[in-house]
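Undergrad: Let me give you the structure first, and then I'll get to my questions.
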Amino acid sequence: MTKINIKQIAAIAGVCQATVSRTLSDPSIVSERTRNKVMKVVDNLGYTPNRLGASLRSGRSNSVVVTLPDITNPYFSPIIRENERIALSRGYSVLLGDTLDDPSLSKKFASMVKTKQADGIITNSQVLPFEFDEKTQDISHLPPIVSISETINIEGIHTVSVDNFEVGKLATQHLIELGHTDIVAIAGPIHLNTVIERTKGFKAALKAANIPFKDNMILHGDYSADSGVELTSEFLQRKKRPTAIFSFGDMISIGVLHVLREFDYSVPEDISVISIDGIYLGKYTAPPLTTVAQPMDLIGKKSMEVLLNLIEDKKPESNKIIVPHELIIRKSTGPVPK
């Protein structure tokens with residue numbers, strides 16, 4: 001098997017050697033039909049291309065870095081899966097970096113791009129992992145980078161995300177339509193762009209319904225189930241409890257539901273719960289969780305396509321891609337208690 005070469009693959013597949021070479025080095029420029037035909041022969045023969053030689057010729061490593069702040073959060077799983085699927089289909093491998101939400105670790109992973117160990121980076125953090133002059137706002141020196149989830153707010157940086165203002169507004173409107181006016185929002189860290197935009201949407205929906213906003217209607221923690229547990233336990237001590245809870249993330253809601261069960265509250269008969277993300281665990285909670293779902297698969301697909309196009313000097317469709325969101329109504333929300 002080690003003696004198999006491109007010439008033999010071309011003969012079996014019924015294509016020229018150049019087509020086989022293009023399929024292995026840059027699959028995106030080969031038609032899907034031809035690509036499938038060549039890769040079927042490659043897989044059957046067990047051929048392994050010499051990536052080192054190819055990278056020396058092209059000046060690319062054919063690897064990309066994807067960083068995320070918490071690998072245990074199921075929100076990221078569909079994104080990473082699609083990142084890898086698209087990368088592999090175009091001849092790239094993915095180097096995954098869990099930064100533990102530490103900017104210094106983000107910079108260490110990003111340095112792999114600067115030292116040519118990788119060709120580009122997808123980051124799930126709003127903090128740019130490269131040196132940047134904020135006065136000039138010049139990003140021309142940056143390597144290929146795509147920002148998703150917590151997007152980087154710098155003009156010219158390619159981003160893929162939902163419209164977090166509209167997401168926050170839609171979730172709040174759903175509760176208001178059910179008659180709720182006493183709503184508590186459990187948000188993530190106050191400095192995050194997602195939190196800022198979702199909070200604006202929350203306030204906009206309240207204002208449109210003539211419901212006064214009060215500062216104690218929003219509590220800040222992080223996007224974890226533990227944060228949901230801690231903050232729900234806190235506001236349940238109030239003299240007047242809310243009739244609805246809006247969590248800014250599904251993992252927060254899992255903690256919220258746990259505490260409500262512990263305190264013998266019925267959901268949604270006593271308190272309704274809605275959140276954001278649409279992780280697969282949401283439909284298995286008790287009760288199943290109403291949520292404004294993000295298309296995580298699509299975010300993963302689009303972000304990797306944009307990154308690889310940047311690496312290969314192909315113009316992406318847009319600097320800023322907004323993907324659709326969807327309200328999924330399950331059994332955790334209901335009419336306001338009488």
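All residue names refer to the structure tokens as shown: chains lettered A, B, ... in order, residues numbered from 1 in each chain, ligands numbered from 1 in order.
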I want to know what sits within 7 Å of stretch 8-20 of chain A, based on only C-alpha atoms, with residues of the same chain fewer than 6 positions away left out; could you give that as a list in words?
TA: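 Result of the neighbour search: Lys37, Val38, Val41 and Val42 of chain A.
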Undergrad: Quick one: residues within 10 Å of A:Ala293, only C-alpha atoms, excluding same-chain residues fewer than 6 positions away - as a tab-separated table (two decimals) with N, CA and C atoms, in the first residue's frame?
TA:
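Ended up saving to part_5.tsv:
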chain	number	residue	atom	x	y	z
A	162	VAL	N	-25.99	35.05	15.29
A	162	VAL	CA	-27.39	35.46	15.24
A	162	VAL	C	-27.49	36.94	15.56
A	167	VAL	N	-32.99	38.22	19.16
A	167	VAL	CA	-33.16	37.01	19.97
A	167	VAL	C	-33.71	37.36	21.35
A	249	GLY	N	-29.05	31.72	28.35
A	249	GLY	CA	-28.41	30.53	27.78
A	249	GLY	C	-29.07	29.28	28.34
A	250	ASP	N	-29.14	28.23	27.53
A	250	ASP	CA	-29.81	26.99	27.95
A	250	ASP	C	-29.16	26.35	29.17
A	275	SER	N	-35.31	30.31	27.43
A	275	SER	CA	-33.89	30.64	27.30
A	275	SER	C	-33.47	30.73	25.84
A	276	ILE	N	-32.17	30.73	25.64
A	276	ILE	CA	-31.56	30.92	24.31
A	276	ILE	C	-30.52	29.83	24.07
A	277	ASP	N	-30.44	29.35	22.88
A	277	ASP	CA	-29.38	28.49	22.33
A	277	ASP	C	-29.96	27.33	21.52
A	278	GLY	N	-30.78	26.48	22.18
A	278	GLY	CA	-31.30	25.32	21.47
A	278	GLY	C	-30.38	24.12	21.51
A	279	ILE	N	-29.66	23.92	22.64
A	279	ILE	CA	-28.80	22.74	22.76
A	279	ILE	C	-29.67	21.48	22.81
A	324	PRO	N	-30.21	32.77	10.87
A	324	PRO	CA	-31.56	32.89	11.45
A	324	PRO	C	-31.69	32.21	12.81
A	325	HIS	N	-32.60	32.73	13.63
A	325	HIS	CA	-32.92	32.10	14.91
A	325	HIS	C	-34.37	31.64	14.86
A	326	GLU	N	-34.75	30.80	15.82
A	326	GLU	CA	-36.09	30.21	15.79
A	326	GLU	C	-36.60	30.01	17.21
A	327	LEU	N	-37.83	30.45	17.46
A	327	LEU	CA	-38.48	30.20	18.75
A	327	LEU	C	-39.03	28.78	18.76
A	328	ILE	N	-38.55	27.96	19.68
A	328	ILE	CA	-39.04	26.59	19.83
A	328	ILE	C	-39.84	26.54	21.13
Undergrad: Give the answer as one residue: which of A:Ser303, A:Ser125, A:Asn73, A:Thr151 has the shortest atom-to-atom distance to A:Arg85, using only C-alpha atoms?
TA: A:Ser303
Undergrad: Between atom CA of A:Met296 and atom CA of A:Pro78, measure the distance and give it in Å to one decimal.
TA: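 It comes out at 5.6 Å.
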Undergrad: Out of stretch 59-293 of chain A, which residues get alpha helix (DSSP H) from DSSP, as number ranges by chain?
TA: A: 76-89, 103-114, 164-177, 193-208, 225-235, 250-262
Undergrad: Write out the residues from the selection above, keeping C-alpha atoms, as a PDB file, in the first residue's frame.
TA:
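Once written, part23.pdb looks like this:
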ATOM      1  CA  PHE A  76     -20.129  24.318  21.056  1.00  0.00           C
ATOM      2  CA  SER A  77     -20.447  20.653  20.034  1.00  0.00           C
ATOM      3  CA  PRO A  78     -22.501  21.123  16.820  1.00  0.00           C
ATOM      4  CA  ILE A  79     -20.339  24.090  15.837  1.00  0.00           C
ATOM      5  CA  ILE A  80     -17.085  22.159  16.182  1.00  0.00           C
ATOM      6  CA  ARG A  81     -18.547  19.123  14.411  1.00  0.00           C
ATOM      7  CA  GLU A  82     -19.443  21.243  11.360  1.00  0.00           C
ATOM      8  CA  ASN A  83     -16.125  23.103  11.535  1.00  0.00           C
ATOM      9  CA  GLU A  84     -14.331  19.774  11.235  1.00  0.00           C
ATOM     10  CA  ARG A  85     -16.641  18.377   8.550  1.00  0.00           C
ATOM     11  CA  ILE A  86     -16.130  21.360   6.255  1.00  0.00           C
ATOM     12  CA  ALA A  87     -12.395  21.528   6.944  1.00  0.00           C
ATOM     13  CA  LEU A  88     -11.855  17.840   6.186  1.00  0.00           C
ATOM     14  CA  SER A  89     -13.902  18.047   2.988  1.00  0.00           C
ATOM     15  CA  PRO A 103      -7.055  35.616  26.970  1.00  0.00           C
ATOM     16  CA  SER A 104      -3.427  34.552  27.452  1.00  0.00           C
ATOM     17  CA  LEU A 105      -4.274  31.019  26.335  1.00  0.00           C
ATOM     18  CA  SER A 106      -6.158  32.445  23.353  1.00  0.00           C
ATOM     19  CA  LYS A 107      -2.996  34.253  22.299  1.00  0.00           C
ATOM     20  CA  LYS A 108      -0.926  31.078  22.667  1.00  0.00           C
ATOM     21  CA  PHE A 109      -3.240  29.168  20.344  1.00  0.00           C
ATOM     22  CA  ALA A 110      -3.341  32.114  17.938  1.00  0.00           C
ATOM     23  CA  SER A 111       0.456  32.178  17.838  1.00  0.00           C
ATOM     24  CA  MET A 112       0.293  28.886  15.917  1.00  0.00           C
ATOM     25  CA  VAL A 113      -1.049  30.896  12.990  1.00  0.00           C
ATOM     26  CA  LYS A 114       1.701  33.496  13.245  1.00  0.00           C
ATOM     27  CA  ASN A 164     -28.730  38.888  19.562  1.00  0.00           C
ATOM     28  CA  PHE A 165     -30.929  41.970  19.913  1.00  0.00           C
ATOM     29  CA  GLU A 166     -33.756  40.239  18.043  1.00  0.00           C
ATOM     30  CA  VAL A 167     -33.155  37.006  19.968  1.00  0.00           C
ATOM     31  CA  GLY A 168     -33.553  38.777  23.310  1.00  0.00           C
ATOM     32  CA  LYS A 169     -36.601  40.652  22.050  1.00  0.00           C
ATOM     33  CA  LEU A 170     -38.331  37.513  20.711  1.00  0.00           C
ATOM     34  CA  ALA A 171     -37.879  35.534  23.939  1.00  0.00           C
ATOM     35  CA  THR A 172     -39.315  38.407  25.992  1.00  0.00           C
ATOM     36  CA  GLN A 173     -42.237  38.917  23.612  1.00  0.00           C
ATOM     37  CA  HIS A 174     -43.179  35.251  23.997  1.00  0.00           C
ATOM     38  CA  LEU A 175     -43.466  35.675  27.775  1.00  0.00           C
ATOM     39  CA  ILE A 176     -45.402  38.935  27.430  1.00  0.00           C
ATOM     40  CA  GLU A 177     -47.857  37.323  24.999  1.00  0.00           C
ATOM     41  CA  ASN A 193     -21.568  41.606  23.532  1.00  0.00           C
ATOM     42  CA  THR A 194     -24.200  38.863  23.571  1.00  0.00           C
ATOM     43  CA  VAL A 195     -25.371  40.004  26.994  1.00  0.00           C
ATOM     44  CA  ILE A 196     -25.429  43.657  25.975  1.00  0.00           C
ATOM     45  CA  GLU A 197     -27.460  42.997  22.822  1.00  0.00           C
ATOM     46  CA  ARG A 198     -29.867  40.510  24.435  1.00  0.00           C
ATOM     47  CA  THR A 199     -30.438  42.969  27.274  1.00  0.00           C
ATOM     48  CA  LYS A 200     -31.301  45.686  24.749  1.00  0.00           C
ATOM     49  CA  GLY A 201     -33.794  43.311  23.116  1.00  0.00           C
ATOM     50  CA  PHE A 202     -35.265  42.449  26.523  1.00  0.00           C
ATOM     51  CA  LYS A 203     -35.753  46.124  27.370  1.00  0.00           C
ATOM     52  CA  ALA A 204     -37.169  46.929  23.924  1.00  0.00           C
ATOM     53  CA  ALA A 205     -39.851  44.245  24.263  1.00  0.00           C
ATOM     54  CA  LEU A 206     -40.778  45.498  27.750  1.00  0.00           C
ATOM     55  CA  LYS A 207     -41.002  49.087  26.508  1.00  0.00           C
ATOM     56  CA  ALA A 208     -43.197  48.123  23.552  1.00  0.00           C
ATOM     57  CA  ALA A 225     -25.829  25.753  35.103  1.00  0.00           C
ATOM     58  CA  ASP A 226     -24.157  26.630  38.420  1.00  0.00           C
ATOM     59  CA  SER A 227     -24.886  30.292  37.756  1.00  0.00           C
ATOM     60  CA  GLY A 228     -28.532  29.423  37.152  1.00  0.00           C
ATOM     61  CA  VAL A 229     -28.653  27.587  40.469  1.00  0.00           C
ATOM     62  CA  GLU A 230     -27.022  30.411  42.427  1.00  0.00           C
ATOM     63  CA  LEU A 231     -29.026  33.301  40.997  1.00  0.00           C
ATOM     64  CA  THR A 232     -32.381  31.504  41.064  1.00  0.00           C
ATOM     65  CA  SER A 233     -31.840  30.626  44.720  1.00  0.00           C
ATOM     66  CA  GLU A 234     -31.107  34.314  45.330  1.00  0.00           C
ATOM     67  CA  PHE A 235     -34.194  35.883  43.774  1.00  0.00           C
ATOM     68  CA  ASP A 250     -29.806  26.989  27.951  1.00  0.00           C
ATOM     69  CA  MET A 251     -27.178  25.828  30.433  1.00  0.00           C
ATOM     70  CA  ILE A 252     -28.340  28.568  32.830  1.00  0.00           C
ATOM     71  CA  SER A 253     -31.900  27.265  32.447  1.00  0.00           C
ATOM     72  CA  ILE A 254     -30.862  23.747  33.382  1.00  0.00           C
ATOM     73  CA  GLY A 255     -29.694  25.141  36.721  1.00  0.00           C
ATOM     74  CA  VAL A 256     -32.865  27.224  37.028  1.00  0.00           C
ATOM     75  CA  LEU A 257     -35.126  24.190  36.509  1.00  0.00           C
ATOM     76  CA  HIS A 258     -33.140  22.224  39.086  1.00  0.00           C
ATOM     77  CA  VAL A 259     -33.637  24.865  41.792  1.00  0.00           C
ATOM     78  CA  LEU A 260     -37.330  25.315  41.015  1.00  0.00           C
ATOM     79  CA  ARG A 261     -37.841  21.570  41.449  1.00  0.00           C
ATOM     80  CA  GLU A 262     -35.922  21.657  44.733  1.00  0.00           C
TER      81      GLU A 262
END
Undergrad: Looking only at strand (DSSP E) from DSSP on the backbone, list the matching residues of stretch 107-271 of chain A as a list in words.
TA: Ile121, Ile122, Thr123, Ile145, Val146, Ser147, Ile148, His158, Thr159, Val160, Ser161, Ile183, Val184, Ala185, Ile186, Ala187, Ile218, Leu219, His220, Ala244, Ile245, Phe246 and Ser247 of chain A
Undergrad: Residues at most 8 Å from A:Leu100, counting only C-alpha atoms, excluding those fewer than 2 positions away in the same chain, as a ChimeraX atom specification?
TA: /A:68-70,98,102,105
Undergrad: Counting only C-alpha atoms, what is within 9 Å of A:Val273, bar same-chain residues fewer than 2 positions away, as a VMD selection string?
TA: chain A and resid 175 243 to 247 253 256 to 257 267 to 268 271 275 289 to 291 332 to 334
Undergrad: Keeping only N, CA, C and O atoms, write those residues as a tab-separated table (two decimals), in the first residue's frame.
TA:
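And here is the file that came out, selection22.tsv:
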chain	number	residue	atom	x	y	z
A	175	LEU	N	-42.98	35.64	26.40
A	175	LEU	CA	-43.47	35.67	27.77
A	175	LEU	C	-44.57	36.71	27.94
A	175	LEU	O	-45.58	36.46	28.62
A	243	THR	N	-43.07	35.72	37.80
A	243	THR	CA	-43.89	34.67	37.20
A	243	THR	C	-43.17	34.02	36.01
A	243	THR	O	-43.63	33.01	35.49
A	244	ALA	N	-42.05	34.64	35.60
A	244	ALA	CA	-41.30	34.09	34.46
A	244	ALA	C	-39.82	34.40	34.59
A	244	ALA	O	-39.43	35.45	35.12
A	245	ILE	N	-39.00	33.47	34.10
A	245	ILE	CA	-37.54	33.62	34.10
A	245	ILE	C	-37.04	33.50	32.68
A	245	ILE	O	-37.37	32.55	31.96
A	246	PHE	N	-36.25	34.48	32.26
A	246	PHE	CA	-35.64	34.47	30.94
A	246	PHE	C	-34.13	34.28	31.13
A	246	PHE	O	-33.43	35.18	31.56
A	247	SER	N	-33.64	33.08	30.83
A	247	SER	CA	-32.20	32.79	30.91
A	247	SER	C	-31.55	33.13	29.58
A	247	SER	O	-32.09	32.81	28.52
A	253	SER	N	-30.54	27.76	32.19
A	253	SER	CA	-31.90	27.26	32.45
A	253	SER	C	-31.91	25.88	33.08
A	253	SER	O	-32.81	25.56	33.86
A	256	VAL	N	-31.61	26.61	36.56
A	256	VAL	CA	-32.87	27.22	37.03
A	256	VAL	C	-33.92	26.15	37.30
A	256	VAL	O	-34.56	26.14	38.37
A	257	LEU	N	-34.12	25.24	36.36
A	257	LEU	CA	-35.13	24.19	36.51
A	257	LEU	C	-34.82	23.31	37.72
A	257	LEU	O	-35.73	22.87	38.42
A	267	VAL	N	-43.29	24.09	36.94
A	267	VAL	CA	-43.00	24.83	35.70
A	267	VAL	C	-43.85	24.20	34.59
A	267	VAL	O	-43.79	22.99	34.37
A	268	PRO	N	-44.72	24.98	33.92
A	268	PRO	CA	-44.83	26.44	33.98
A	268	PRO	C	-45.99	26.95	34.85
A	268	PRO	O	-46.29	28.14	34.81
A	271	ILE	N	-44.09	29.13	37.61
A	271	ILE	CA	-43.09	30.00	36.97
A	271	ILE	C	-42.76	29.44	35.59
A	271	ILE	O	-42.48	28.25	35.44
A	275	SER	N	-35.31	30.31	27.43
A	275	SER	CA	-33.89	30.64	27.30
A	275	SER	C	-33.47	30.73	25.84
A	275	SER	O	-34.30	30.81	24.93
A	289	LEU	N	-37.56	22.34	27.49
A	289	LEU	CA	-37.27	23.77	27.60
A	289	LEU	C	-37.68	24.56	26.36
A	289	LEU	O	-37.28	24.24	25.23
A	290	THR	N	-38.46	25.61	26.57
A	290	THR	CA	-38.74	26.58	25.51
A	290	THR	C	-37.50	27.44	25.31
A	290	THR	O	-36.90	27.91	26.28
A	291	THR	N	-37.13	27.64	24.05
A	291	THR	CA	-35.87	28.34	23.80
A	291	THR	C	-35.90	29.04	22.45
A	291	THR	O	-36.66	28.67	21.55
A	332	SER	N	-42.01	24.43	29.01
A	332	SER	CA	-41.53	25.19	30.17
A	332	SER	C	-42.14	26.59	30.25
A	332	SER	O	-41.87	27.32	31.20
A	333	THR	N	-42.93	26.98	29.25
A	333	THR	CA	-43.60	28.28	29.30
A	333	THR	C	-45.11	28.09	29.17
A	333	THR	O	-45.57	27.21	28.44
A	334	GLY	N	-45.84	28.92	29.90
A	334	GLY	CA	-47.30	28.85	29.89
A	334	GLY	C	-47.90	30.17	30.34
A	334	GLY	O	-47.17	31.11	30.69
Undergrad: Calculate how many Å separate atom CA of A:Gly179 from atom CA of A:Lys338, rounding to one decimal.
TA: 10.1 Å
Undergrad: Considering only C-alpha atoms, state which residue in the set A:Glu305, A:Asp138, A:Gln237, A:Lys283 is at the smallest distance from A:Phe263.
TA: A:Gln237
Undergrad: Could you check the closest approach to A:Val323 for each of A:Arg35, A:Lys239, A:Lys302, A:Lys7 and tell me which residue wins, using only C-alpha atoms?
TA: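 Once distances to A:Val323 are computed over only C-alpha atoms, the minimum belongs to A:Lys302.
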Undergrad: What's around A:Thr159 at 10 Å? Count only C-alpha atoms, leave out sequence neighbours fewer than 3 positions away in its own chain, and write the answer as a PyMOL selection string.
TA: chain A and resi 122-123+145-154+156+162+299+302-303+306+318-322
